[in-house]
file my_file12.cif (mmCIF, N, CA and C atoms)
data_my_file
loop_
_atom_site.label_atom_id
_atom_site.label_comp_id
_atom_site.auth_asym_id
_atom_site.auth_seq_id
_atom_site.Cartn_x
_atom_site.Cartn_y
_atom_site.Cartn_z
N MET A 26 -84.61 -11.76 -27.69
CA MET A 26 -84.51 -12.32 -29.03
C MET A 26 -84.77 -13.82 -28.95
N LYS A 27 -85.59 -14.31 -29.87
CA LYS A 27 -85.93 -15.73 -29.93
C LYS A 27 -85.42 -16.28 -31.26
N ILE A 28 -84.72 -17.40 -31.21
CA ILE A 28 -84.23 -18.07 -32.41
C ILE A 28 -85.32 -19.00 -32.92
N VAL A 29 -85.56 -19.00 -34.24
CA VAL A 29 -86.58 -19.84 -34.86
C VAL A 29 -85.89 -20.96 -35.63
N SER A 30 -86.40 -22.17 -35.43
CA SER A 30 -85.88 -23.32 -36.16
C SER A 30 -87.02 -24.27 -36.48
N THR A 31 -87.07 -24.76 -37.71
CA THR A 31 -88.10 -25.71 -38.11
C THR A 31 -87.52 -26.70 -39.12
N THR A 32 -88.00 -27.93 -39.05
CA THR A 32 -87.59 -28.93 -40.03
C THR A 32 -88.42 -28.82 -41.32
N ALA A 33 -89.42 -27.94 -41.33
CA ALA A 33 -90.26 -27.73 -42.51
C ALA A 33 -89.56 -26.87 -43.57
N ALA A 34 -88.39 -26.35 -43.21
CA ALA A 34 -87.57 -25.57 -44.14
C ALA A 34 -86.14 -26.11 -44.03
N PRO A 35 -85.31 -25.85 -45.03
CA PRO A 35 -83.94 -26.35 -44.96
C PRO A 35 -83.19 -25.81 -43.76
N ALA A 36 -82.34 -26.64 -43.18
CA ALA A 36 -81.49 -26.21 -42.07
C ALA A 36 -80.50 -25.17 -42.60
N ALA A 37 -80.07 -24.32 -41.73
CA ALA A 37 -79.05 -23.32 -42.09
C ALA A 37 -77.79 -24.05 -42.54
N ILE A 38 -77.14 -23.51 -43.57
CA ILE A 38 -75.91 -24.14 -44.08
C ILE A 38 -74.67 -23.36 -43.61
N GLY A 39 -74.84 -22.60 -42.56
CA GLY A 39 -73.74 -21.82 -42.00
C GLY A 39 -74.08 -21.42 -40.58
N PRO A 40 -73.30 -20.53 -40.01
CA PRO A 40 -73.50 -20.10 -38.63
C PRO A 40 -74.57 -19.02 -38.50
N TYR A 41 -75.80 -19.36 -38.77
CA TYR A 41 -76.92 -18.42 -38.68
C TYR A 41 -78.19 -19.18 -38.39
N SER A 42 -79.24 -18.46 -38.06
CA SER A 42 -80.55 -19.04 -37.74
C SER A 42 -81.47 -18.92 -38.95
N GLN A 43 -82.49 -19.77 -38.99
CA GLN A 43 -83.49 -19.65 -40.05
C GLN A 43 -84.23 -18.32 -39.90
N ALA A 44 -84.43 -17.90 -38.66
CA ALA A 44 -85.07 -16.61 -38.39
C ALA A 44 -84.83 -16.24 -36.93
N VAL A 45 -85.03 -14.97 -36.65
CA VAL A 45 -85.04 -14.49 -35.27
C VAL A 45 -86.28 -13.62 -35.09
N VAL A 46 -86.80 -13.64 -33.87
CA VAL A 46 -87.94 -12.80 -33.51
C VAL A 46 -87.45 -11.80 -32.48
N VAL A 47 -87.72 -10.53 -32.75
CA VAL A 47 -87.39 -9.45 -31.83
C VAL A 47 -88.66 -8.64 -31.64
N ASN A 48 -89.12 -8.58 -30.39
CA ASN A 48 -90.40 -7.93 -30.08
C ASN A 48 -91.47 -8.58 -30.94
N ASP A 49 -92.13 -7.85 -31.83
CA ASP A 49 -93.17 -8.47 -32.66
C ASP A 49 -92.75 -8.59 -34.12
N LEU A 50 -91.44 -8.53 -34.38
CA LEU A 50 -90.93 -8.63 -35.75
C LEU A 50 -90.18 -9.95 -35.96
N VAL A 51 -90.40 -10.55 -37.13
CA VAL A 51 -89.70 -11.77 -37.54
C VAL A 51 -88.76 -11.40 -38.68
N PHE A 52 -87.50 -11.76 -38.52
CA PHE A 52 -86.49 -11.53 -39.57
C PHE A 52 -86.02 -12.89 -40.05
N THR A 53 -86.36 -13.25 -41.29
CA THR A 53 -85.90 -14.54 -41.80
C THR A 53 -84.54 -14.38 -42.46
N SER A 54 -83.78 -15.44 -42.42
CA SER A 54 -82.58 -15.51 -43.23
C SER A 54 -83.01 -15.79 -44.66
N GLY A 55 -82.13 -15.55 -45.59
CA GLY A 55 -82.45 -15.85 -46.99
C GLY A 55 -82.75 -17.33 -47.17
N GLN A 56 -83.81 -17.60 -47.88
CA GLN A 56 -84.21 -18.98 -48.15
C GLN A 56 -83.96 -19.30 -49.61
N ILE A 57 -83.14 -20.31 -49.82
CA ILE A 57 -82.87 -20.76 -51.19
C ILE A 57 -83.76 -21.96 -51.50
N PRO A 58 -83.85 -22.35 -52.76
CA PRO A 58 -84.80 -23.39 -53.16
C PRO A 58 -84.33 -24.82 -52.89
N ILE A 59 -84.08 -25.11 -51.62
CA ILE A 59 -83.74 -26.47 -51.23
C ILE A 59 -85.00 -27.13 -50.68
N ASP A 60 -85.30 -28.30 -51.18
CA ASP A 60 -86.44 -29.08 -50.68
C ASP A 60 -86.03 -29.64 -49.32
N PRO A 61 -86.73 -29.26 -48.24
CA PRO A 61 -86.32 -29.74 -46.91
C PRO A 61 -86.46 -31.25 -46.75
N ALA A 62 -87.32 -31.89 -47.54
CA ALA A 62 -87.52 -33.33 -47.43
C ALA A 62 -86.34 -34.11 -48.02
N THR A 63 -85.72 -33.54 -49.06
CA THR A 63 -84.64 -34.27 -49.74
C THR A 63 -83.27 -33.65 -49.53
N GLY A 64 -83.24 -32.37 -49.18
CA GLY A 64 -81.97 -31.67 -49.06
C GLY A 64 -81.37 -31.27 -50.39
N SER A 65 -82.13 -31.46 -51.46
CA SER A 65 -81.66 -31.15 -52.81
C SER A 65 -82.28 -29.85 -53.32
N VAL A 66 -81.57 -29.20 -54.23
CA VAL A 66 -82.09 -28.01 -54.89
C VAL A 66 -83.29 -28.42 -55.74
N ALA A 67 -84.35 -27.62 -55.70
CA ALA A 67 -85.56 -27.90 -56.49
C ALA A 67 -85.19 -28.03 -57.96
N GLU A 68 -85.71 -29.06 -58.58
CA GLU A 68 -85.44 -29.28 -60.00
C GLU A 68 -86.29 -28.35 -60.84
N GLY A 69 -85.76 -27.94 -61.98
CA GLY A 69 -86.47 -27.07 -62.89
C GLY A 69 -85.79 -25.72 -62.98
N GLY A 70 -86.50 -24.77 -63.50
CA GLY A 70 -85.96 -23.44 -63.72
C GLY A 70 -86.37 -22.46 -62.64
N ILE A 71 -86.42 -21.21 -63.00
CA ILE A 71 -86.69 -20.15 -62.03
C ILE A 71 -88.07 -20.29 -61.40
N ALA A 72 -89.08 -20.72 -62.14
CA ALA A 72 -90.42 -20.83 -61.56
C ALA A 72 -90.43 -21.85 -60.42
N GLU A 73 -89.84 -23.00 -60.64
CA GLU A 73 -89.82 -24.03 -59.61
C GLU A 73 -88.95 -23.61 -58.42
N GLN A 74 -87.83 -22.96 -58.72
CA GLN A 74 -86.95 -22.53 -57.64
C GLN A 74 -87.56 -21.38 -56.84
N ALA A 75 -88.24 -20.47 -57.50
CA ALA A 75 -88.91 -19.37 -56.79
C ALA A 75 -90.01 -19.93 -55.89
N ARG A 76 -90.75 -20.91 -56.39
CA ARG A 76 -91.81 -21.53 -55.60
C ARG A 76 -91.22 -22.18 -54.35
N GLN A 77 -90.14 -22.94 -54.50
CA GLN A 77 -89.56 -23.61 -53.34
C GLN A 77 -88.98 -22.60 -52.35
N SER A 78 -88.35 -21.56 -52.85
CA SER A 78 -87.83 -20.51 -51.95
C SER A 78 -88.97 -19.88 -51.16
N ALA A 79 -90.07 -19.57 -51.84
CA ALA A 79 -91.23 -18.96 -51.17
C ALA A 79 -91.85 -19.93 -50.17
N GLU A 80 -91.92 -21.20 -50.52
CA GLU A 80 -92.44 -22.21 -49.58
C GLU A 80 -91.57 -22.29 -48.34
N ASN A 81 -90.27 -22.17 -48.52
CA ASN A 81 -89.36 -22.21 -47.38
C ASN A 81 -89.55 -20.99 -46.49
N VAL A 82 -89.71 -19.81 -47.09
CA VAL A 82 -89.99 -18.60 -46.30
C VAL A 82 -91.29 -18.80 -45.54
N LYS A 83 -92.30 -19.30 -46.22
CA LYS A 83 -93.61 -19.54 -45.60
C LYS A 83 -93.49 -20.46 -44.38
N ALA A 84 -92.69 -21.52 -44.50
CA ALA A 84 -92.51 -22.47 -43.40
C ALA A 84 -91.79 -21.83 -42.21
N VAL A 85 -90.77 -21.04 -42.49
CA VAL A 85 -90.04 -20.37 -41.41
C VAL A 85 -90.95 -19.35 -40.72
N LEU A 86 -91.71 -18.60 -41.50
CA LEU A 86 -92.64 -17.63 -40.92
C LEU A 86 -93.67 -18.34 -40.02
N ALA A 87 -94.20 -19.46 -40.48
CA ALA A 87 -95.18 -20.20 -39.70
C ALA A 87 -94.57 -20.66 -38.37
N ALA A 88 -93.34 -21.12 -38.41
CA ALA A 88 -92.68 -21.56 -37.18
C ALA A 88 -92.47 -20.41 -36.20
N ALA A 89 -92.40 -19.21 -36.74
CA ALA A 89 -92.19 -18.02 -35.90
C ALA A 89 -93.49 -17.39 -35.42
N GLY A 90 -94.63 -17.82 -35.97
CA GLY A 90 -95.90 -17.24 -35.59
C GLY A 90 -96.36 -16.12 -36.50
N ALA A 91 -95.88 -16.14 -37.74
CA ALA A 91 -96.27 -15.15 -38.74
C ALA A 91 -96.69 -15.91 -40.00
N ASP A 92 -97.01 -15.18 -41.04
CA ASP A 92 -97.27 -15.81 -42.34
C ASP A 92 -97.02 -14.79 -43.45
N CYS A 93 -97.19 -15.23 -44.67
CA CYS A 93 -96.89 -14.36 -45.82
C CYS A 93 -97.74 -13.09 -45.83
N SER A 94 -98.93 -13.15 -45.23
CA SER A 94 -99.79 -11.96 -45.21
C SER A 94 -99.30 -10.89 -44.25
N THR A 95 -98.40 -11.26 -43.34
CA THR A 95 -97.89 -10.29 -42.38
C THR A 95 -96.49 -9.78 -42.74
N VAL A 96 -96.01 -10.16 -43.92
CA VAL A 96 -94.69 -9.71 -44.38
C VAL A 96 -94.75 -8.23 -44.74
N ILE A 97 -93.79 -7.46 -44.23
CA ILE A 97 -93.75 -6.02 -44.52
C ILE A 97 -92.60 -5.65 -45.46
N LYS A 98 -91.60 -6.55 -45.60
CA LYS A 98 -90.46 -6.25 -46.48
C LYS A 98 -89.81 -7.55 -46.90
N THR A 99 -89.46 -7.64 -48.17
CA THR A 99 -88.67 -8.76 -48.65
C THR A 99 -87.44 -8.23 -49.37
N THR A 100 -86.43 -9.06 -49.39
CA THR A 100 -85.26 -8.81 -50.23
C THR A 100 -85.09 -10.07 -51.06
N CYS A 101 -85.02 -9.88 -52.36
CA CYS A 101 -84.93 -11.00 -53.29
C CYS A 101 -83.65 -10.89 -54.10
N PHE A 102 -83.03 -12.03 -54.29
CA PHE A 102 -81.78 -12.09 -55.03
C PHE A 102 -81.96 -13.02 -56.22
N LEU A 103 -81.58 -12.56 -57.39
CA LEU A 103 -81.68 -13.36 -58.60
C LEU A 103 -80.29 -13.54 -59.20
N ALA A 104 -80.04 -14.72 -59.73
CA ALA A 104 -78.77 -14.97 -60.40
C ALA A 104 -78.75 -14.29 -61.77
N ASP A 105 -79.95 -14.02 -62.33
CA ASP A 105 -80.04 -13.42 -63.66
C ASP A 105 -81.31 -12.59 -63.75
N MET A 106 -81.18 -11.30 -64.03
CA MET A 106 -82.36 -10.43 -64.14
C MET A 106 -83.28 -10.81 -65.29
N LYS A 107 -82.83 -11.65 -66.19
CA LYS A 107 -83.72 -12.15 -67.25
C LYS A 107 -84.86 -12.98 -66.65
N ASP A 108 -84.67 -13.45 -65.41
CA ASP A 108 -85.69 -14.25 -64.74
C ASP A 108 -86.70 -13.40 -63.96
N PHE A 109 -86.55 -12.08 -63.99
CA PHE A 109 -87.35 -11.17 -63.18
C PHE A 109 -88.85 -11.37 -63.38
N ALA A 110 -89.33 -11.42 -64.62
CA ALA A 110 -90.77 -11.52 -64.89
C ALA A 110 -91.35 -12.83 -64.35
N VAL A 111 -90.68 -13.93 -64.60
CA VAL A 111 -91.18 -15.23 -64.13
C VAL A 111 -91.12 -15.28 -62.60
N PHE A 112 -90.04 -14.78 -62.03
CA PHE A 112 -89.92 -14.73 -60.56
C PHE A 112 -91.09 -13.95 -59.98
N ASN A 113 -91.42 -12.80 -60.56
CA ASN A 113 -92.52 -11.97 -60.08
C ASN A 113 -93.86 -12.71 -60.10
N GLU A 114 -94.09 -13.51 -61.14
CA GLU A 114 -95.34 -14.26 -61.24
C GLU A 114 -95.50 -15.19 -60.05
N VAL A 115 -94.44 -15.90 -59.71
CA VAL A 115 -94.49 -16.83 -58.57
C VAL A 115 -94.57 -16.05 -57.26
N TYR A 116 -93.73 -15.06 -57.11
CA TYR A 116 -93.67 -14.24 -55.90
C TYR A 116 -95.06 -13.67 -55.56
N ALA A 117 -95.77 -13.18 -56.57
CA ALA A 117 -97.08 -12.54 -56.37
C ALA A 117 -98.11 -13.51 -55.79
N ARG A 118 -97.94 -14.80 -55.99
CA ARG A 118 -98.87 -15.79 -55.43
C ARG A 118 -98.71 -15.94 -53.93
N TYR A 119 -97.54 -15.62 -53.42
CA TYR A 119 -97.25 -15.80 -52.00
C TYR A 119 -97.38 -14.50 -51.21
N PHE A 120 -96.86 -13.42 -51.74
CA PHE A 120 -96.80 -12.15 -51.01
C PHE A 120 -97.87 -11.21 -51.55
N THR A 121 -99.12 -11.57 -51.25
CA THR A 121 -100.29 -10.91 -51.83
C THR A 121 -100.54 -9.52 -51.26
N GLY A 122 -99.93 -9.20 -50.13
CA GLY A 122 -100.12 -7.89 -49.53
C GLY A 122 -99.22 -6.81 -50.12
N ASN A 123 -98.44 -7.18 -51.14
CA ASN A 123 -97.52 -6.24 -51.78
C ASN A 123 -96.61 -5.53 -50.79
N PRO A 124 -95.80 -6.32 -50.03
CA PRO A 124 -94.88 -5.69 -49.09
C PRO A 124 -93.81 -4.89 -49.83
N ALA A 125 -93.12 -4.04 -49.10
CA ALA A 125 -91.97 -3.35 -49.68
C ALA A 125 -90.98 -4.43 -50.12
N ARG A 126 -90.20 -4.13 -51.17
CA ARG A 126 -89.30 -5.15 -51.69
C ARG A 126 -88.10 -4.54 -52.37
N SER A 127 -86.97 -5.21 -52.23
CA SER A 127 -85.80 -4.96 -53.05
C SER A 127 -85.55 -6.24 -53.81
N CYS A 128 -85.15 -6.14 -55.08
CA CYS A 128 -84.83 -7.32 -55.88
C CYS A 128 -83.60 -6.98 -56.70
N VAL A 129 -82.54 -7.72 -56.46
CA VAL A 129 -81.28 -7.42 -57.13
C VAL A 129 -80.70 -8.67 -57.76
N ALA A 130 -79.91 -8.46 -58.79
CA ALA A 130 -79.15 -9.55 -59.40
C ALA A 130 -77.81 -9.61 -58.70
N VAL A 131 -77.35 -10.82 -58.47
CA VAL A 131 -76.07 -11.03 -57.81
C VAL A 131 -75.21 -11.96 -58.66
N LYS A 132 -73.94 -11.94 -58.41
CA LYS A 132 -73.02 -12.76 -59.19
C LYS A 132 -73.26 -14.25 -58.98
N ASP A 133 -73.35 -14.65 -57.72
CA ASP A 133 -73.55 -16.06 -57.38
C ASP A 133 -74.43 -16.18 -56.15
N LEU A 134 -75.11 -17.32 -56.05
CA LEU A 134 -75.89 -17.64 -54.86
C LEU A 134 -75.42 -19.01 -54.35
N PRO A 135 -75.65 -19.30 -53.07
CA PRO A 135 -75.22 -20.59 -52.54
C PRO A 135 -75.76 -21.77 -53.35
N LYS A 136 -74.92 -22.77 -53.50
CA LYS A 136 -75.28 -24.00 -54.21
C LYS A 136 -75.65 -23.77 -55.68
N GLY A 137 -75.32 -22.59 -56.23
CA GLY A 137 -75.60 -22.31 -57.63
C GLY A 137 -77.07 -22.12 -57.96
N VAL A 138 -77.90 -21.80 -56.94
CA VAL A 138 -79.33 -21.65 -57.17
C VAL A 138 -79.62 -20.37 -57.96
N LEU A 139 -80.85 -20.25 -58.42
CA LEU A 139 -81.26 -19.12 -59.26
C LEU A 139 -81.86 -17.96 -58.47
N CYS A 140 -82.30 -18.22 -57.22
CA CYS A 140 -82.94 -17.15 -56.45
C CYS A 140 -82.84 -17.42 -54.96
N GLU A 141 -83.07 -16.36 -54.19
CA GLU A 141 -83.10 -16.43 -52.73
C GLU A 141 -84.05 -15.34 -52.26
N ILE A 142 -84.82 -15.65 -51.21
CA ILE A 142 -85.79 -14.68 -50.67
C ILE A 142 -85.60 -14.59 -49.15
N GLU A 143 -85.55 -13.36 -48.64
CA GLU A 143 -85.58 -13.14 -47.19
C GLU A 143 -86.75 -12.20 -46.90
N ALA A 144 -87.23 -12.25 -45.67
CA ALA A 144 -88.42 -11.45 -45.34
C ALA A 144 -88.35 -10.91 -43.92
N VAL A 145 -89.08 -9.80 -43.73
CA VAL A 145 -89.34 -9.25 -42.40
C VAL A 145 -90.87 -9.23 -42.28
N ALA A 146 -91.36 -9.78 -41.17
CA ALA A 146 -92.81 -9.86 -40.98
C ALA A 146 -93.17 -9.43 -39.56
N VAL A 147 -94.44 -9.11 -39.38
CA VAL A 147 -95.00 -8.81 -38.08
C VAL A 147 -95.68 -10.08 -37.56
N MET A 148 -95.53 -10.36 -36.29
CA MET A 148 -96.18 -11.52 -35.69
C MET A 148 -97.69 -11.39 -35.83
N LYS A 149 -98.36 -12.53 -36.04
CA LYS A 149 -99.82 -12.50 -36.07
C LYS A 149 -100.33 -12.23 -34.66
N GLN A 150 -101.37 -11.42 -34.59
CA GLN A 150 -101.93 -11.07 -33.27
C GLN A 150 -102.99 -12.04 -32.84
#
call {"tool": "encode", "arguments": {"input": "my_file12.cif", "output": "structure tokens"}}
result
Amino acid sequence: MKIVSTTAAPAAIGPYSQAVVVNDLVFTSGQIPIDPATGSVAEGGIAEQARQSAENVKAVLAAAGADCSTVIKTTCFLADMKDFAVFNEVYARYFTGNPARSCVAVKDLPKGVLCEIEAVAVMKQ
């Protein structure tokens, strides 16, 4: 097992890794919409927060030797299902291979954010 860490995505805010690699699979931790340059939650609504969350997943995947095109499964968390359509619009720009996905509404997310994305990907060959 290899631990993945990059400054291109927010540091973990608890006792976990940004991602781990096992054999040829990358498992990312959930990425919330924190701008790694400022440490602040992305300003704006669900579109801006979904974009930042996806950018953070993209950065962690790159550090692990994968990318959004090699993602086989995502799990997405929304603070409000009313944001589902807008979230999907942003999500579709990043995960173009249509990986398997679960998307659920949750009561709360860390730092009061509107969304969180985690992914499982295959290493690029």
call {"tool": "resolve_selection", "arguments": {"input": "my_file12.cif", "expression": "the PyMOL selection byres ((chain A and resi 78-92) around 6.5)", "output": "VMD selection string"}}
result
chain A and resid 29 to 31 33 to 35 43 56 to 59 73 to 77 93 to 96 141 to 142 147 to 149
call {"tool": "atom_distance", "arguments": {"input": "my_file12.cif", "atom1": "atom CA of Asp60 of chain A", "atom2": "atom N of Gly122 of chain A"}}
result
24.0 Å
call {"tool": "atom_distance", "arguments": {"input": "my_file12.cif", "atom1": "atom N of Cys140 of chain A", "atom2": "atom C of Leu103 of chain A"}}
result
5.5 Å
call {"tool": "closest_residue", "arguments": {"input": "my_file12.cif", "among": "A:Arg126, A:Arg118, A:Gly55, A:Thr63", "to": "Ser42 of chain A", "atoms": "only C-alpha atoms"}}
result
A:Gly55
call {"tool": "closest_residue", "arguments": {"input": "my_file12.cif", "among": "A:Ile71, A:Val131, A:Met26, A:Val47", "to": "Asp108 of chain A", "atoms": "only N, CA and C atoms"}}
result
A:Ile71
call {"tool": "atom_distance", "arguments": {"input": "my_file12.cif", "atom1": "atom N of Lys107 of chain A", "atom2": "atom N of Ala130 of chain A"}}
result
8.6 Å
call {"tool": "closest_residue", "arguments": {"input": "my_file12.cif", "among": "A:Ala67, A:Val111, A:Leu50, A:Cys101", "to": "Cys128 of chain A", "atoms": "only N, CA and C atoms"}}
result
A:Cys101
